[in-house]
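To keep things clear, I will list the structure first and then write my remarks on it.
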Amino acid sequence: MDPHSSWYIFFPLYNKIYEYLSHNYSYTVIFNGGILPKIKVINTIHHVYAALLVSLFLVIMSTIFKMRVKRVDQYVIPSYNVSLVNIIEIFYETLSGVMIGVLGNNYRKHINFVGTLALFIFCSNSLGLVPGFPSSTDNLNVTLACGIAVFIYFNYYGIKTHGFDHITHLANPMGIWWGWFLSPLFFPIELMGLIIRPFSLGIRLAGNMIGDHSIVVAFTSITPLLLPLPFFFFGFVVCVIQTFVFCLLTCIYISIHTADNH
C-alpha cells in the first residue's frame with residue numbers, strides 16, 4: 001500500500017469530504033502533513049477519519065461498559081477473566097493514582113476531562129500501530145486541538161477558582177506589593193509561558209508519534225513477519241508513555257492554576 005494512502009480512502013464520503021475541506025478550509029490549516037507542510041493545501045484528511053473512528057470506538061466501548069457495570073454488583077468476587085470492565089478498572093485506578101499525586105483529593109472534579117483525553121490519545125496512538133490506519137495524533141491539527149482544549153480547561157478553572165486574580169497573577173506572580181513595579185517585565189514573560197503551553201503539548205505529542213509510527217512502518221515495509229515485532233512492542237510502550245506525559249502535564253497545569261497559593 002502506498003505510504004501516503006490508507007484504508008480510510010475506502011470509507012464512506014472520503015472524497016467528498018476531502019474536496020469540501022480543500023475548497024473551503026485549505027486557508028485555515030495550521031499544520032498539515034508533518035512539521036513543514038505545503039502552504040494553503042490540504043494533503044490528507046486521514047487524521048479526521050482516524051479521530052472519528054477512535055471517537056466511535058470510545059462511544060461504543062463506554063456504552064458496553066455502562067451496561068455491564070449495572071450487572072457487576074451481582075458478583076461478590078471479581079471475575080478472573082480479562083474483560084472490558086477489568087481493563088477500564090485498571091485504567092481508572094492508574095489514572096486516578098496519577099491525578100491524586102498531583103491534584104490531591106480534588107482530582108474527582110477533573111477526572112472526566114483528563115480521563116477522556118487519556119482514552120482518546122492512547123487509542124489514537126495505538127491505532128497508528130495497525131498497518132494502513134494512520135493515527136490522528138500523527139497530525140499537529142489534532143494534537144494542537146487537544147492542547148488548546150487543555151489550555152481552555154485549566155484557564156477556565158483558574159478563573160473560576162481565583163477570579164480576576166488569575167489574570168493579575170501574570171503581572172505579579174510573587175504576590176507582594178513591590179512586585180507590581182516589575183509587572184512590565186513579568187507580564188510578557190508569564191503571558192508567553194502561558195500561551196506556549198498548548199503548543200508544547202501538541203508539538204511534543206505529534207513529534208513523538210510521527211517518529212514512533214514512522215519507524216514501525218519502515219520496518220514493516222521491509223518484512224511483515226518477525227522483524228517488526230520488537231518495534232511494535234516498543235511502539236506500544238511509546239504510545240503509553242506519551243499518553244502518560246500528556247495527562248501528567250495536564251494535571252500539573254490544572255494544579256498550578258487552581259492551587260490556593262496561586
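Labels used: A, B, ... for chains in the order of the C-alpha cells, numbers from 1 for residues in each chain, and numbers from 1 for ligands as shown.
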Apply DSSP to the structure's backbone, then extract all residues of region 78-138 of chain A labelled alpha helix (DSSP H) and return them as a VMD selection string.
chain A and resid 84 to 103 111 to 127
Could you give me, as JSON lines, a per-residue list for region 52-104 of chain A showing, wherever an atom lies at most 10 Å from an atom of region 133-140 of chain A, the closest pair of atoms and their distance in Å to one decimal, using only C-alpha atoms and sorting by chain then residue number from low to high?
```
{"residue": "A:Leu52", "atom": "CA", "partner": "A:Ser136", "partner_atom": "CA", "distance": 9.1}
{"residue": "A:Leu53", "atom": "CA", "partner": "A:Ser136", "partner_atom": "CA", "distance": 9.6}
{"residue": "A:Val54", "atom": "CA", "partner": "A:Ser136", "partner_atom": "CA", "distance": 8.9}
```
Could you give me, as a PyMOL selection string, the residues within 12 Å of Ile152 (chain A), counting only C-alpha atoms and dropping anything in the same chain fewer than 6 positions from it?
chain A and resi 113+145-146+158-160+194-195+197-198+250+253-254+257
Write the residues you've just listed into a file as a tab-separated table (two decimals), in the first residue's frame, and include N, CA and C atoms for each of them.
```
chain	number	residue	atom	x	y	z
A	113	PHE	N	-12.58	14.92	32.39
A	113	PHE	CA	-11.86	15.57	31.30
A	113	PHE	C	-10.54	14.88	31.01
A	145	ALA	N	-5.27	20.71	18.80
A	145	ALA	CA	-6.64	20.83	19.29
A	145	ALA	C	-6.76	20.29	20.72
A	146	CYS	N	-6.09	19.18	20.99
A	146	CYS	CA	-6.06	18.64	22.36
A	146	CYS	C	-5.38	19.62	23.30
A	158	GLY	N	-9.03	28.10	36.48
A	158	GLY	CA	-8.22	29.11	37.17
A	158	GLY	C	-9.04	30.36	37.46
A	159	ILE	N	-9.81	30.81	36.46
A	159	ILE	CA	-10.67	31.99	36.66
A	159	ILE	C	-11.81	31.66	37.61
A	160	LYS	N	-12.34	30.45	37.50
A	160	LYS	CA	-13.43	30.05	38.39
A	160	LYS	C	-12.97	29.99	39.85
A	194	LEU	N	2.45	31.10	29.35
A	194	LEU	CA	1.09	30.55	29.38
A	194	LEU	C	0.62	30.15	27.98
A	195	ILE	N	0.87	31.01	27.01
A	195	ILE	CA	0.41	30.76	25.64
A	195	ILE	C	1.14	29.59	25.01
A	197	ARG	N	2.05	26.82	26.28
A	197	ARG	CA	1.73	25.50	26.83
A	197	ARG	C	0.93	24.62	25.88
A	198	PRO	N	-0.14	25.09	25.25
A	198	PRO	CA	-0.84	24.19	24.32
A	198	PRO	C	0.02	23.78	23.13
A	250	THR	N	-1.09	17.88	31.87
A	250	THR	CA	-2.42	18.48	32.01
A	250	THR	C	-2.78	18.64	33.48
A	253	TYR	N	-0.73	21.48	35.04
A	253	TYR	CA	-1.24	22.80	34.67
A	253	TYR	C	-2.51	23.13	35.45
A	254	ILE	N	-3.38	22.14	35.60
A	254	ILE	CA	-4.61	22.36	36.38
A	254	ILE	C	-4.26	22.68	37.83
A	257	HIS	N	-2.82	26.28	38.32
A	257	HIS	CA	-3.76	27.38	38.14
A	257	HIS	C	-4.98	27.31	39.07
```
For CA of Tyr8 (chain A) and CA of Tyr49 (chain A), quote the distance in Å rounded to one decimal.
6.7 Å
Can you list, as a ChimeraX atom specification, every protein, DNA or RNA residue that comes within 10 Å of Ile9 (chain A) when you count only C-alpha atoms, leaving out same-chain residues fewer than 5 positions away?
/A:14-15,18,44-46,49
How would the residues just picked look written out with N, CA and C atoms as a tab-separated table (two decimals), in the first residue's frame?
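Result went into again.tsv, see below:
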```tsv
chain	number	residue	atom	x	y	z
A	14	TYR	N	-15.33	9.78	1.78
A	14	TYR	CA	-13.97	10.30	1.95
A	14	TYR	C	-13.66	11.37	0.91
A	15	ASN	N	-13.89	11.07	-0.36
A	15	ASN	CA	-13.54	12.02	-1.43
A	15	ASN	C	-14.37	13.30	-1.35
A	18	TYR	N	-13.07	15.36	1.52
A	18	TYR	CA	-11.76	15.91	1.15
A	18	TYR	C	-11.91	17.10	0.21
A	44	THR	N	-4.23	15.63	3.15
A	44	THR	CA	-4.93	14.42	3.56
A	44	THR	C	-5.95	14.75	4.63
A	45	ILE	N	-6.95	13.90	4.73
A	45	ILE	CA	-7.90	14.01	5.85
A	45	ILE	C	-7.92	12.69	6.62
A	46	HIS	N	-6.81	11.94	6.53
A	46	HIS	CA	-6.71	10.69	7.28
A	46	HIS	C	-6.93	10.94	8.77
A	49	TYR	N	-10.67	11.11	9.77
A	49	TYR	CA	-11.30	9.79	9.86
A	49	TYR	C	-10.75	8.98	11.03
```
Between CA of Val48 (chain A) and CA of Leu84 (chain A), distance in Å (one decimal)
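Atom-to-atom, CA of Val48 (chain A) and CA of Leu84 (chain A) are spaced 26.4 Å apart.
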Write out as a Markdown table the residues of region 71-130 of chain A that have any atom within 12 Å of an atom of region 61-66 of chain A, one row each with the nearest atom pair and its distance in Å to one decimal, counting only C-alpha atoms, sorted by chain and then rising number.
```
| residue | atom | partner | partner_atom | distance |
| --- | --- | --- | --- | --- |
| A:Arg71 | CA | A:Lys66 | CA | 9.3 |
| A:Val72 | CA | A:Lys66 | CA | 10.1 |
| A:Ser83 | CA | A:Phe65 | CA | 9.8 |
| A:Leu84 | CA | A:Phe65 | CA | 6.7 |
| A:Val85 | CA | A:Phe65 | CA | 6.2 |
| A:Asn86 | CA | A:Phe65 | CA | 9.9 |
| A:Ile87 | CA | A:Phe65 | CA | 10.1 |
| A:Ile88 | CA | A:Phe65 | CA | 8.1 |
| A:Glu89 | CA | A:Phe65 | CA | 10.3 |
| A:Thr116 | CA | A:Ser62 | CA | 10.7 |
| A:Leu119 | CA | A:Ser62 | CA | 10.6 |
| A:Phe120 | CA | A:Met61 | CA | 11.9 |
| A:Cys123 | CA | A:Met61 | CA | 11.6 |
```
Could you check the closest approach to Val237 (chain A) for each of A:Tyr153, A:Phe11, A:Phe122, A:Phe187 and tell me which residue wins, using only C-alpha atoms?
A:Phe122
Phe186 (chain A): which residues within 7 Å, counting only C-alpha atoms, same-chain residues fewer than 2 positions away excluded, as a PyMOL selection string?
chain A and resi 170-172+182-184+188-190
Distance CA of Thr168 (chain A)-CA of Val150 (chain A), one decimal place?
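For CA of Thr168 (chain A) relative to CA of Val150 (chain A), the distance reads 20.7 Å.
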